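Structure data follow from entry_30.pdb (PDB, C-alpha atoms (C1' of nucleotides)):
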```pdb
ATOM      1  CA  MET A   8      22.018 224.470 -10.646
ATOM      2  CA  PRO A   9      18.867 222.614 -11.399
ATOM      3  CA  GLU A  10      15.947 224.043  -9.506
ATOM      4  CA  LEU A  11      12.460 222.605  -9.684
ATOM      5  CA  PRO A  12      11.652 224.066 -13.110
ATOM      6  CA  GLU A  13      14.743 222.480 -14.624
ATOM      7  CA  VAL A  14      13.987 219.149 -13.005
ATOM      8  CA  GLU A  15      10.406 219.214 -14.261
ATOM      9  CA  THR A  16      11.540 220.226 -17.728
ATOM     10  CA  THR A  17      14.012 217.355 -17.720
ATOM     11  CA  ARG A  18      11.258 214.978 -16.660
ATOM     12  CA  ARG A  19       8.997 216.077 -19.464
ATOM     13  CA  GLY A  20      11.826 215.842 -21.947
ATOM     14  CA  ILE A  21      12.981 212.334 -21.132
ATOM     15  CA  GLU A  22       9.627 210.771 -20.260
ATOM     16  CA  PRO A  23       8.500 209.908 -23.811
ATOM     17  CA  HIS A  24      11.884 208.367 -24.551
ATOM     18  CA  LEU A  25      11.772 206.108 -21.509
ATOM     19  CA  VAL A  26       8.215 204.991 -20.807
ATOM     20  CA  GLY A  27       7.429 201.716 -22.525
ATOM     21  CA  HIS A  28      11.055 201.155 -23.431
ATOM     22  CA  ARG A  29      13.286 198.459 -22.001
ATOM     23  CA  VAL A  30      16.617 199.189 -20.342
ATOM     24  CA  THR A  31      19.008 196.948 -22.248
ATOM     25  CA  ARG A  32      22.145 197.967 -20.387
ATOM     26  CA  LEU A  33      23.085 199.911 -17.292
ATOM     27  CA  ALA A  34      26.650 201.176 -16.981
ATOM     28  CA  VAL A  35      27.873 202.745 -13.761
ATOM     29  CA  HIS A  36      31.195 204.412 -14.474
ATOM     30  CA  GLU A  37      31.512 206.377 -11.243
ATOM     31  CA  PRO A  38      29.491 205.190  -8.249
ATOM     32  CA  ARG A  39      30.868 207.854  -5.903
ATOM     33  CA  LEU A  40      28.102 210.404  -5.913
ATOM     34  CA  ARG A  41      26.731 212.067  -2.790
ATOM     35  CA  TRP A  42      26.052 208.536  -1.618
ATOM     36  CA  PRO A  43      27.442 205.466  -3.344
ATOM     37  CA  ILE A  44      25.177 204.161  -6.081
ATOM     38  CA  PRO A  45      23.726 200.911  -4.669
ATOM     39  CA  GLU A  46      24.107 197.612  -6.477
ATOM     40  CA  ALA A  47      20.324 197.320  -6.463
ATOM     41  CA  VAL A  48      19.990 199.792  -9.325
ATOM     42  CA  ARG A  49      21.030 196.865 -11.484
ATOM     43  CA  SER A  50      17.361 195.872 -11.164
ATOM     44  CA  LEU A  51      16.769 198.400 -13.927
ATOM     45  CA  GLU A  52      18.483 196.178 -16.445
ATOM     46  CA  ASN A  53      16.135 194.309 -18.762
ATOM     47  CA  ALA A  54      13.154 196.003 -17.157
ATOM     48  CA  THR A  55      10.621 198.154 -18.972
ATOM     49  CA  VAL A  56      10.091 201.685 -17.720
ATOM     50  CA  ALA A  57       6.569 202.207 -16.416
ATOM     51  CA  SER A  58       6.747 205.881 -15.507
ATOM     52  CA  VAL A  59       8.975 208.917 -15.010
ATOM     53  CA  THR A  60       7.737 211.109 -12.191
ATOM     54  CA  ARG A  61       8.995 213.927 -10.014
ATOM     55  CA  ARG A  62       8.754 214.588  -6.280
ATOM     56  CA  ALA A  63      10.395 217.807  -5.121
ATOM     57  CA  LYS A  64      13.662 217.840  -7.072
ATOM     58  CA  TYR A  65      13.878 214.064  -7.234
ATOM     59  CA  LEU A  66      13.198 212.202 -10.478
ATOM     60  CA  LEU A  67      11.815 208.694 -10.191
ATOM     61  CA  VAL A  68      12.272 206.247 -13.028
ATOM     62  CA  THR A  69       9.984 203.367 -12.179
ATOM     63  CA  VAL A  70      10.107 199.775 -13.398
ATOM     64  CA  PRO A  71       8.105 196.847 -11.962
ATOM     65  CA  ALA A  72      10.756 196.007  -9.360
ATOM     66  CA  GLY A  73      11.164 199.521  -8.016
ATOM     67  CA  SER A  74      12.216 203.078  -8.717
ATOM     68  CA  ALA A  75      15.543 204.629  -9.522
ATOM     69  CA  LEU A  76      15.692 207.876  -7.626
ATOM     70  CA  PHE A  77      17.804 210.597  -9.197
ATOM     71  CA  HIS A  78      18.741 213.946  -7.696
ATOM     72  CA  LEU A  79      20.700 216.342  -9.890
ATOM     73  CA  GLY A  80      22.344 218.139  -7.009
ATOM     74  CA  MET A  81      23.855 221.386  -8.180
ATOM     75  CA  SER A  82      25.617 220.434 -11.360
ATOM     76  CA  GLY A  83      23.773 217.350 -12.521
ATOM     77  CA  SER A  84      21.881 216.803 -15.737
ATOM     78  CA  LEU A  85      20.099 213.922 -17.429
ATOM     79  CA  ARG A  86      20.141 213.979 -21.170
ATOM     80  CA  LEU A  87      19.050 211.562 -23.784
ATOM     81  CA  CYS A  88      21.621 210.856 -26.468
ATOM     82  CA  THR A  89      20.256 209.437 -29.689
ATOM     83  CA  ASP A  90      23.030 210.563 -31.992
ATOM     84  CA  GLY A  91      25.699 208.082 -30.972
ATOM     85  CA  ALA A  92      27.836 210.777 -29.348
ATOM     86  CA  ALA A  93      30.655 209.486 -27.177
ATOM     87  CA  ARG A  94      30.479 209.526 -23.410
ATOM     88  CA  ARG A  95      31.922 212.683 -21.953
ATOM     89  CA  LYS A  96      33.875 213.348 -18.809
ATOM     90  CA  HIS A  97      31.583 213.234 -15.736
ATOM     91  CA  ASP A  98      28.973 211.062 -17.468
ATOM     92  CA  HIS A  99      28.732 208.792 -14.432
ATOM     93  CA  VAL A 100      25.824 206.553 -15.400
ATOM     94  CA  GLU A 101      24.474 205.377 -18.749
ATOM     95  CA  MET A 102      21.111 203.708 -19.307
ATOM     96  CA  THR A 103      20.855 202.221 -22.762
ATOM     97  CA  LEU A 104      17.304 201.801 -24.000
ATOM     98  CA  SER A 105      15.684 199.391 -26.405
ATOM     99  CA  SER A 106      14.988 202.392 -28.606
ATOM    100  CA  GLY A 107      18.734 202.777 -29.048
ATOM    101  CA  GLY A 108      18.999 205.993 -27.066
ATOM    102  CA  ILE A 109      21.237 206.376 -24.056
ATOM    103  CA  LEU A 110      20.175 208.288 -20.982
ATOM    104  CA  ARG A 111      23.292 209.833 -19.468
ATOM    105  CA  PHE A 112      23.639 211.173 -15.931
ATOM    106  CA  HIS A 113      26.267 213.904 -15.997
ATOM    107  CA  ASP A 114      27.408 215.561 -12.770
ATOM    108  CA  PRO A 115      30.827 217.236 -12.467
ATOM    109  CA  ARG A 116      30.474 218.134  -8.792
ATOM    110  CA  ARG A 117      28.876 214.848  -7.799
ATOM    111  CA  PHE A 118      26.424 216.450  -5.389
ATOM    112  CA  GLY A 119      23.711 214.430  -7.064
ATOM    113  CA  CYS A 120      22.636 210.894  -6.276
ATOM    114  CA  LEU A 121      21.145 207.760  -7.748
ATOM    115  CA  LEU A 122      19.388 205.535  -5.236
ATOM    116  CA  TRP A 123      16.987 202.628  -5.370
ATOM    117  CA  GLN A 124      13.551 202.160  -3.851
ATOM    118  CA  PRO A 125      12.092 198.640  -4.115
ATOM    119  CA  THR A 126       8.408 198.349  -5.006
ATOM    120  CA  GLY A 127       6.162 197.824  -1.997
ATOM    121  CA  ASP A 128       8.765 199.052   0.442
ATOM    122  CA  GLY A 129       6.984 202.255   1.402
ATOM    123  CA  VAL A 130       8.279 205.741   0.743
ATOM    124  CA  HIS A 131      12.011 206.259   0.508
ATOM    125  CA  PRO A 132      13.414 207.980   3.643
ATOM    126  CA  LEU A 133      14.580 210.905   1.527
ATOM    127  CA  LEU A 134      11.019 211.529   0.392
ATOM    128  CA  ALA A 135       9.261 210.720   3.639
ATOM    129  CA  ARG A 136       9.488 214.104   5.329
ATOM    130  CA  LEU A 137       8.948 216.405   2.407
ATOM    131  CA  GLY A 138       6.363 219.149   2.500
ATOM    132  CA  PRO A 139       3.779 219.814  -0.200
ATOM    133  CA  GLU A 140       4.545 220.455  -3.848
ATOM    134  CA  PRO A 141       4.534 224.212  -4.436
ATOM    135  CA  LEU A 142       2.299 223.958  -7.493
ATOM    136  CA  SER A 143      -0.299 221.785  -5.814
ATOM    137  CA  ASP A 144      -3.455 223.066  -4.141
ATOM    138  CA  GLU A 145      -2.129 221.576  -0.940
ATOM    139  CA  PHE A 146       0.310 224.465  -0.700
ATOM    140  CA  ASP A 147      -1.224 227.861  -0.012
ATOM    141  CA  GLY A 148      -0.770 230.980   2.076
ATOM    142  CA  GLU A 149      -2.511 229.467   5.037
ATOM    143  CA  ILE A 150      -0.191 226.496   5.298
ATOM    144  CA  LEU A 151       2.795 228.828   4.948
ATOM    145  CA  PHE A 152       1.416 231.157   7.600
ATOM    146  CA  ARG A 153       0.953 228.274   9.994
ATOM    147  CA  ALA A 154       4.442 226.938   9.332
ATOM    148  CA  ALA A 155       5.811 230.366  10.229
ATOM    149  CA  ARG A 156       4.256 230.494  13.710
ATOM    150  CA  GLY A 157       6.951 230.928  16.316
ATOM    151  CA  ARG A 158       9.782 230.795  13.793
ATOM    152  CA  ARG A 159      12.527 233.363  14.187
ATOM    153  CA  ILE A 160      14.375 232.403  11.027
ATOM    154  CA  ALA A 161      14.186 234.638   7.959
ATOM    155  CA  ILE A 162      11.158 234.110   5.748
ATOM    156  CA  LYS A 163      13.485 233.271   2.874
ATOM    157  CA  THR A 164      15.098 230.519   4.901
ATOM    158  CA  LEU A 165      11.657 229.183   5.797
ATOM    159  CA  ILE A 166      10.408 228.913   2.220
ATOM    160  CA  MET A 167      13.630 227.113   1.295
ATOM    161  CA  ASN A 168      12.957 224.490   3.967
ATOM    162  CA  ALA A 169      11.778 221.337   2.197
ATOM    163  CA  ALA A 170       9.722 220.312   5.199
ATOM    164  CA  VAL A 171       7.581 223.427   4.638
ATOM    165  CA  VAL A 172       7.375 223.416   0.854
ATOM    166  CA  VAL A 173       9.621 221.619  -1.622
ATOM    167  CA  GLY A 174      11.372 222.875  -4.689
ATOM    168  CA  VAL A 175      12.080 226.485  -3.748
ATOM    169  CA  GLY A 176      15.803 226.938  -4.318
ATOM    170  CA  ASN A 177      18.000 229.913  -3.659
ATOM    171  CA  ILE A 178      17.271 231.714  -6.915
ATOM    172  CA  TYR A 179      13.499 231.394  -6.839
ATOM    173  CA  ALA A 180      13.299 232.214  -3.146
ATOM    174  CA  SER A 181      14.657 235.703  -3.827
ATOM    175  CA  GLU A 182      12.526 236.045  -6.952
ATOM    176  CA  ALA A 183       9.301 235.012  -5.245
ATOM    177  CA  LEU A 184       9.839 237.364  -2.319
ATOM    178  CA  PHE A 185      10.461 240.222  -4.724
ATOM    179  CA  ALA A 186       7.220 239.412  -6.509
ATOM    180  CA  ALA A 187       5.415 239.307  -3.158
ATOM    181  CA  GLY A 188       6.958 242.574  -1.918
ATOM    182  CA  VAL A 189       8.386 241.048   1.258
ATOM    183  CA  ARG A 190      11.989 241.455   2.360
ATOM    184  CA  PRO A 191      13.826 238.140   2.595
ATOM    185  CA  GLY A 192      15.382 238.913   5.975
ATOM    186  CA  ARG A 193      12.094 239.488   7.786
ATOM    187  CA  ALA A 194      11.536 237.041  10.626
ATOM    188  CA  ALA A 195       9.065 234.393   9.461
ATOM    189  CA  ALA A 196       6.820 234.967  12.465
ATOM    190  CA  ARG A 197       6.461 238.634  11.498
ATOM    191  CA  VAL A 198       4.997 237.892   8.097
ATOM    192  CA  THR A 199       1.246 238.524   8.068
ATOM    193  CA  ARG A 200      -1.404 236.138   6.840
ATOM    194  CA  ALA A 201      -2.044 238.362   3.830
ATOM    195  CA  GLU A 202       1.652 238.479   2.996
ATOM    196  CA  SER A 203       1.859 234.700   3.354
ATOM    197  CA  GLY A 204      -0.854 234.471   0.746
ATOM    198  CA  ARG A 205       1.066 236.710  -1.614
ATOM    199  CA  ILE A 206       4.282 234.770  -1.046
ATOM    200  CA  ALA A 207       2.621 231.413  -1.711
ATOM    201  CA  GLN A 208       1.037 232.793  -4.862
ATOM    202  CA  ALA A 209       4.336 234.311  -5.983
ATOM    203  CA  ILE A 210       6.130 230.990  -5.512
ATOM    204  CA  LYS A 211       3.565 229.305  -7.745
ATOM    205  CA  THR A 212       3.700 232.016 -10.381
ATOM    206  CA  VAL A 213       7.472 232.257 -10.523
ATOM    207  CA  LEU A 214       7.953 228.492 -10.719
ATOM    208  CA  ALA A 215       5.178 227.973 -13.258
ATOM    209  CA  ARG A 216       6.490 230.719 -15.485
ATOM    210  CA  SER A 217       9.950 229.269 -15.331
ATOM    211  CA  ILE A 218       8.693 225.804 -16.244
ATOM    212  CA  GLU A 219       6.953 227.356 -19.234
ATOM    213  CA  MET A 220      10.166 229.035 -20.269
ATOM    214  CA  GLY A 221      12.054 225.808 -19.763
ATOM    215  CA  GLY A 222       9.624 224.236 -22.135
ATOM    216  CA  THR A 223      10.875 226.523 -24.831
ATOM    217  CA  THR A 224      14.438 227.175 -23.749
ATOM    218  CA  LEU A 225      15.231 223.601 -22.833
ATOM    219  CA  ARG A 226      13.018 221.906 -25.366
ATOM    220  CA  ASP A 227      15.811 220.374 -27.388
ATOM    221  CA  PHE A 228      17.988 219.164 -24.554
ATOM    222  CA  VAL A 229      17.873 215.787 -26.242
ATOM    223  CA  ASP A 230      21.206 215.532 -28.027
ATOM    224  CA  SER A 231      22.166 218.962 -26.727
ATOM    225  CA  ASP A 232      24.399 219.632 -23.785
ATOM    226  CA  GLY A 233      21.401 219.795 -21.503
ATOM    227  CA  GLU A 234      22.769 222.770 -19.656
ATOM    228  CA  PRO A 235      21.019 225.870 -20.892
ATOM    229  CA  GLY A 236      22.414 228.231 -18.329
ATOM    230  CA  TYR A 237      20.075 230.452 -16.487
ATOM    231  CA  PHE A 238      17.259 232.552 -17.758
ATOM    232  CA  ALA A 239      19.104 235.524 -16.365
ATOM    233  CA  GLN A 240      17.165 237.950 -18.489
ATOM    234  CA  SER A 241      14.010 236.904 -16.667
ATOM    235  CA  LEU A 242      15.352 237.273 -13.131
ATOM    236  CA  ALA A 243      14.241 240.470 -11.405
ATOM    237  CA  VAL A 244      16.726 240.607  -8.532
ATOM    238  CA  TYR A 245      18.829 237.442  -8.336
ATOM    239  CA  GLY A 246      22.428 238.164  -9.251
ATOM    240  CA  ARG A 247      21.688 241.834  -9.829
ATOM    241  CA  ALA A 248      23.285 243.493  -6.788
ATOM    242  CA  GLY A 249      23.781 247.184  -7.465
ATOM    243  CA  GLU A 250      21.694 247.186 -10.619
ATOM    244  CA  PRO A 251      18.549 249.313 -10.724
ATOM    245  CA  CYS A 252      15.339 247.551  -9.795
ATOM    246  CA  GLY A 253      13.227 247.115 -12.919
ATOM    247  CA  VAL A 254      10.211 248.536 -11.124
ATOM    248  CA  CYS A 255      11.531 251.504  -9.116
ATOM    249  CA  ALA A 256      15.204 251.806 -10.152
ATOM    250  CA  SER A 257      16.515 251.525  -6.582
ATOM    251  CA  PRO A 258      19.804 249.628  -6.506
ATOM    252  CA  VAL A 259      19.223 245.944  -5.772
ATOM    253  CA  ARG A 260      20.770 244.896  -2.491
ATOM    254  CA  GLN A 261      22.547 241.703  -1.518
ATOM    255  CA  ARG A 262      23.355 239.975   1.748
ATOM    256  CA  VAL A 263      23.999 236.479   2.985
ATOM    257  CA  LEU A 264      21.200 234.692   4.853
ATOM    258  CA  ALA A 265      21.793 231.195   6.186
ATOM    259  CA  GLN A 266      24.940 230.962   4.060
ATOM    260  CA  ARG A 267      23.053 231.849   0.869
ATOM    261  CA  SER A 268      23.341 234.920  -1.300
ATOM    262  CA  THR A 269      20.108 236.836  -1.113
ATOM    263  CA  PHE A 270      18.868 239.711  -3.272
ATOM    264  CA  TRP A 271      16.065 242.214  -2.823
ATOM    265  CA  CYS A 272      14.843 245.699  -3.680
ATOM    266  CA  PRO A 273      14.825 247.938  -0.587
ATOM    267  CA  THR A 274      11.980 250.023  -1.981
ATOM    268  CA  CYS A 275       9.634 247.440  -3.472
ATOM    269  CA  GLN A 276      10.058 245.018  -0.586
ATOM    270  CA  ARG A 277       9.165 245.751   3.019
TER     271      ARG A 277
ATOM    272  C1'  DC B   2      11.661 221.300  19.548
ATOM    273  C1'  DT B   3      14.494 225.252  16.753
ATOM    274  C1'  DA B   4      18.508 227.187  14.594
ATOM    275  C1'  DA B   5      22.960 227.349  12.820
ATOM    276  C1'  DA B   6      26.911 225.175  11.036
ATOM    277  C1'  DT B   7      29.053 221.558   8.371
ATOM    278  C1'  DA B   8      30.046 218.338   4.759
ATOM    279  C1'  DC B   9      30.039 216.807   0.181
ATOM    280  C1'  DC B  10      32.711 218.429  -4.882
ATOM    281  C1'  DT B  11      34.607 220.578  -9.066
ATOM    282  C1'  DG B  12      34.678 224.325 -12.345
ATOM    283  C1'  DA B  13      34.778 229.190 -13.060
ATOM    284  C1'  DT B  14      36.782 233.343 -11.797
ATOM    285  C1'  DG B  15      39.869 236.824  -9.960
ATOM    286  C1'  DG B  16      44.236 238.350  -7.991
ATOM    287  C1'  DC B  17      49.019 238.213  -8.124
TER     288       DC B  17
ATOM    289  C1'  DT C   7      51.323 231.397 -18.162
ATOM    290  C1'  DG C   8      50.628 229.468 -13.768
ATOM    291  C1'  DC C   9      49.082 229.014  -9.151
ATOM    292  C1'  DC C  10      46.358 229.823  -5.186
ATOM    293  C1'  DA C  11      42.132 231.425  -2.961
ATOM    294  C1'  DT C  12      37.377 232.104  -3.256
ATOM    295  C1'  DC C  13      32.794 231.215  -4.501
ATOM    296  C1'  DA C  14      28.669 228.811  -6.095
ATOM    297  C1'  DG C  15      24.984 225.848  -4.262
ATOM    298  C1'  DG C  16      20.826 221.371  -2.483
ATOM    299  C1'  DT C  17      20.115 219.155   1.344
ATOM    300  C1'  DA C  18      21.196 215.511   4.785
ATOM    301  C1'  DT C  19      23.474 215.482   8.871
ATOM    302  C1'  DT C  20      25.676 217.179  12.913
ATOM    303  C1'  DT C  21      26.148 220.375  16.622
ATOM    304  C1'  DA C  22      24.492 223.871  19.781
TER     305       DA C  22
END
```
Starting from the file, give its structure as structure tokens.
Amino acid sequence: MPELPEVETTRRGIEPHLVGHRVTRLAVHEPRLRWPIPEAVRSLENATVASVTRRAKYLLVTVPAGSALFHLGMSGSLRLCTDGAARRKHDHVEMTLSSGGILRFHDPRRFGCLLWQPTGDGVHPLLARLGPEPLSDEFDGEILFRAARGRRIAIKTLIMNAAVVVGVGNIYASEALFAAGVRPGRAAARVTRAESGRIAQAIKTVLARSIEMGGTTLRDFVDSDGEPGYFAQSLAVYGRAGEPCGVCASPVRQRVLAQRSTFWCPTCQR
DNA sequence: CTAAATACCTGATGGC
DNA sequence: TGCCATCAGGTATTTA
């Protein structure tokens, strides 16, 4: 399940292999992703990649005519194959580059997407209503506190809302709230300004640390399977129901909030 | 406007 | 060994 750190690590990994290189061939083997892959992505062919950027969990591969917009969904991965390995099952799209490498979009569950945004056509609708990037200065405790005014939903549900802040997935939501000492089920409106500050800071710290780890753990995803599994050893509460909290040894608790498994320490979090 | 539920999909896992 | 049921999960969309 690619969360923001995995998406950013993927971006950093593929960027040097794409920018400045020409797409010599685009092969769409399975257009039925979350939305059908539009014909317009053919504009990539014979174009030279200008940049590879990220917005929330979307990756944008930009050429002069526009941007290919990838989302990895829950099971997607982008890996660069330079070793001539054969296409595997669920490799839905292949971008062959002038360097000889092939960028392969692999997504067994097909929750991902590949869309097209023409140059000069404004911001894609999927990106238009997104909140600030969690690692930017634009996102802080104050903006979180204000977003929480009058909201009865759980604070965890609020920080997972992309209109409030992007890139906080189910795993890191629990992790950040543990780091901030706030219980995930607390009503958003009952979180204080000071706690909002700690939560915002925790989101930044947890994500940044994970990106750093991705830099080492995922470094060689080129020619590898690109699916490193999770850094489970670094998760404090996620997936650890019943296990002793690493700080106070209380058993970690689990419940479902807004259809999502949620984990917390009843002692360290209030 | 908010909040909750739903849909999309396949692989892994557990029970029998 | 096989088969069925359950679960996981990002997020746009639908419903209340």
Practice prompt. Apply the PyMOL selection byres ((chain A) within 12 of (chain C)) to the displayed file and report the matching residues as a VMD selection string.
Written response: chain A and resid 8 to 11 41 to 42 63 to 65 78 to 83 116 to 120 132 to 134 136 to 137 167 to 170 173 to 178 246 266 to 268
Coordinates-based distance that separates atom CA of Ile218 of chain A from atom CA of Asp114 of chain A (Å, one decimal)
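One can read the atom CA of Asp114 of chain A to atom CA of Ile218 of chain A distance as 21.6 Å.
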As a check of understanding: the span from atom CA of Val172 of chain A to atom CA of Leu151 of chain A is 8.2 Å
| What residues in chain B lie within 7 Å of chain A, counting only C-alpha atoms (C1' of nucleotides), written as a VMD selection string? | chain B and resid 9 to 11
Atom CA of Val48 of chain A sits from atom CA of Glu13 of chain A at a separation of 23.9 Å
* **Local residues around (12.4, 197.2, -13.9), at most 8 Å away, using all atoms listed in the file, as a count of residues only** => 14
What would segment 118-127 of chain A look like with all heavy atoms in place, written as a compact mmCIF listing (two decimals), keeping the file's coordinate frame?
```txt
# COMPACT_ATOMS: atom_id res chain seq x y z
N PHE A 118 27.32 216.19 -6.51
CA PHE A 118 26.42 216.45 -5.39
C PHE A 118 25.12 215.70 -5.59
O PHE A 118 24.27 215.66 -4.70
CB PHE A 118 26.10 217.94 -5.30
CG PHE A 118 27.05 218.70 -4.42
CD1 PHE A 118 28.34 218.29 -4.25
CD2 PHE A 118 26.62 219.83 -3.76
CE1 PHE A 118 29.22 219.00 -3.45
CE2 PHE A 118 27.49 220.56 -2.95
CZ PHE A 118 28.79 220.14 -2.80
N GLY A 119 24.94 215.15 -6.76
CA GLY A 119 23.71 214.43 -7.06
C GLY A 119 23.73 213.02 -6.49
O GLY A 119 24.68 212.62 -5.81
N CYS A 120 22.66 212.28 -6.74
CA CYS A 120 22.64 210.89 -6.28
C CYS A 120 21.78 210.05 -7.19
O CYS A 120 20.97 210.55 -7.97
CB CYS A 120 22.12 210.81 -4.83
SG CYS A 120 20.39 211.30 -4.63
N LEU A 121 21.99 208.74 -7.08
CA LEU A 121 21.14 207.76 -7.75
C LEU A 121 20.93 206.64 -6.74
O LEU A 121 21.89 205.95 -6.36
CB LEU A 121 21.81 207.22 -9.02
CG LEU A 121 21.16 205.98 -9.64
CD1 LEU A 121 19.67 206.17 -9.87
CD2 LEU A 121 21.85 205.61 -10.95
N LEU A 122 19.69 206.53 -6.25
CA LEU A 122 19.39 205.54 -5.24
C LEU A 122 18.30 204.61 -5.75
O LEU A 122 17.77 204.80 -6.85
CB LEU A 122 18.96 206.23 -3.93
CG LEU A 122 20.05 207.13 -3.35
CD1 LEU A 122 19.52 207.97 -2.19
CD2 LEU A 122 21.26 206.32 -2.90
N TRP A 123 17.95 203.64 -4.95
CA TRP A 123 16.99 202.63 -5.37
C TRP A 123 15.92 202.44 -4.32
O TRP A 123 16.24 202.36 -3.12
CB TRP A 123 17.69 201.29 -5.63
CG TRP A 123 16.74 200.22 -6.08
CD1 TRP A 123 16.31 199.15 -5.34
CD2 TRP A 123 16.11 200.13 -7.34
NE1 TRP A 123 15.44 198.40 -6.09
CE2 TRP A 123 15.29 198.98 -7.32
CE3 TRP A 123 16.14 200.91 -8.51
CZ2 TRP A 123 14.52 198.59 -8.42
CZ3 TRP A 123 15.37 200.53 -9.60
CH2 TRP A 123 14.58 199.37 -9.54
N GLN A 124 14.67 202.40 -4.76
CA GLN A 124 13.55 202.16 -3.85
C GLN A 124 12.75 200.97 -4.36
O GLN A 124 12.11 201.06 -5.40
CB GLN A 124 12.66 203.41 -3.80
CG GLN A 124 11.37 203.24 -3.05
CD GLN A 124 11.58 203.03 -1.55
OE1 GLN A 124 12.70 203.14 -1.05
NE2 GLN A 124 10.52 202.73 -0.84
N PRO A 125 12.82 199.83 -3.65
CA PRO A 125 12.09 198.64 -4.12
C PRO A 125 10.58 198.87 -4.06
O PRO A 125 10.08 199.54 -3.16
CB PRO A 125 12.49 197.54 -3.12
CG PRO A 125 13.68 198.08 -2.38
CD PRO A 125 13.55 199.56 -2.41
N THR A 126 9.87 198.27 -4.99
CA THR A 126 8.41 198.35 -5.01
C THR A 126 7.83 197.73 -3.73
O THR A 126 8.33 196.70 -3.26
CB THR A 126 7.86 197.61 -6.24
OG1 THR A 126 8.33 198.28 -7.40
CG2 THR A 126 6.33 197.61 -6.24
N GLY A 127 6.84 198.37 -3.17
CA GLY A 127 6.16 197.82 -2.00
C GLY A 127 6.92 198.01 -0.70
O GLY A 127 6.59 197.41 0.32
```
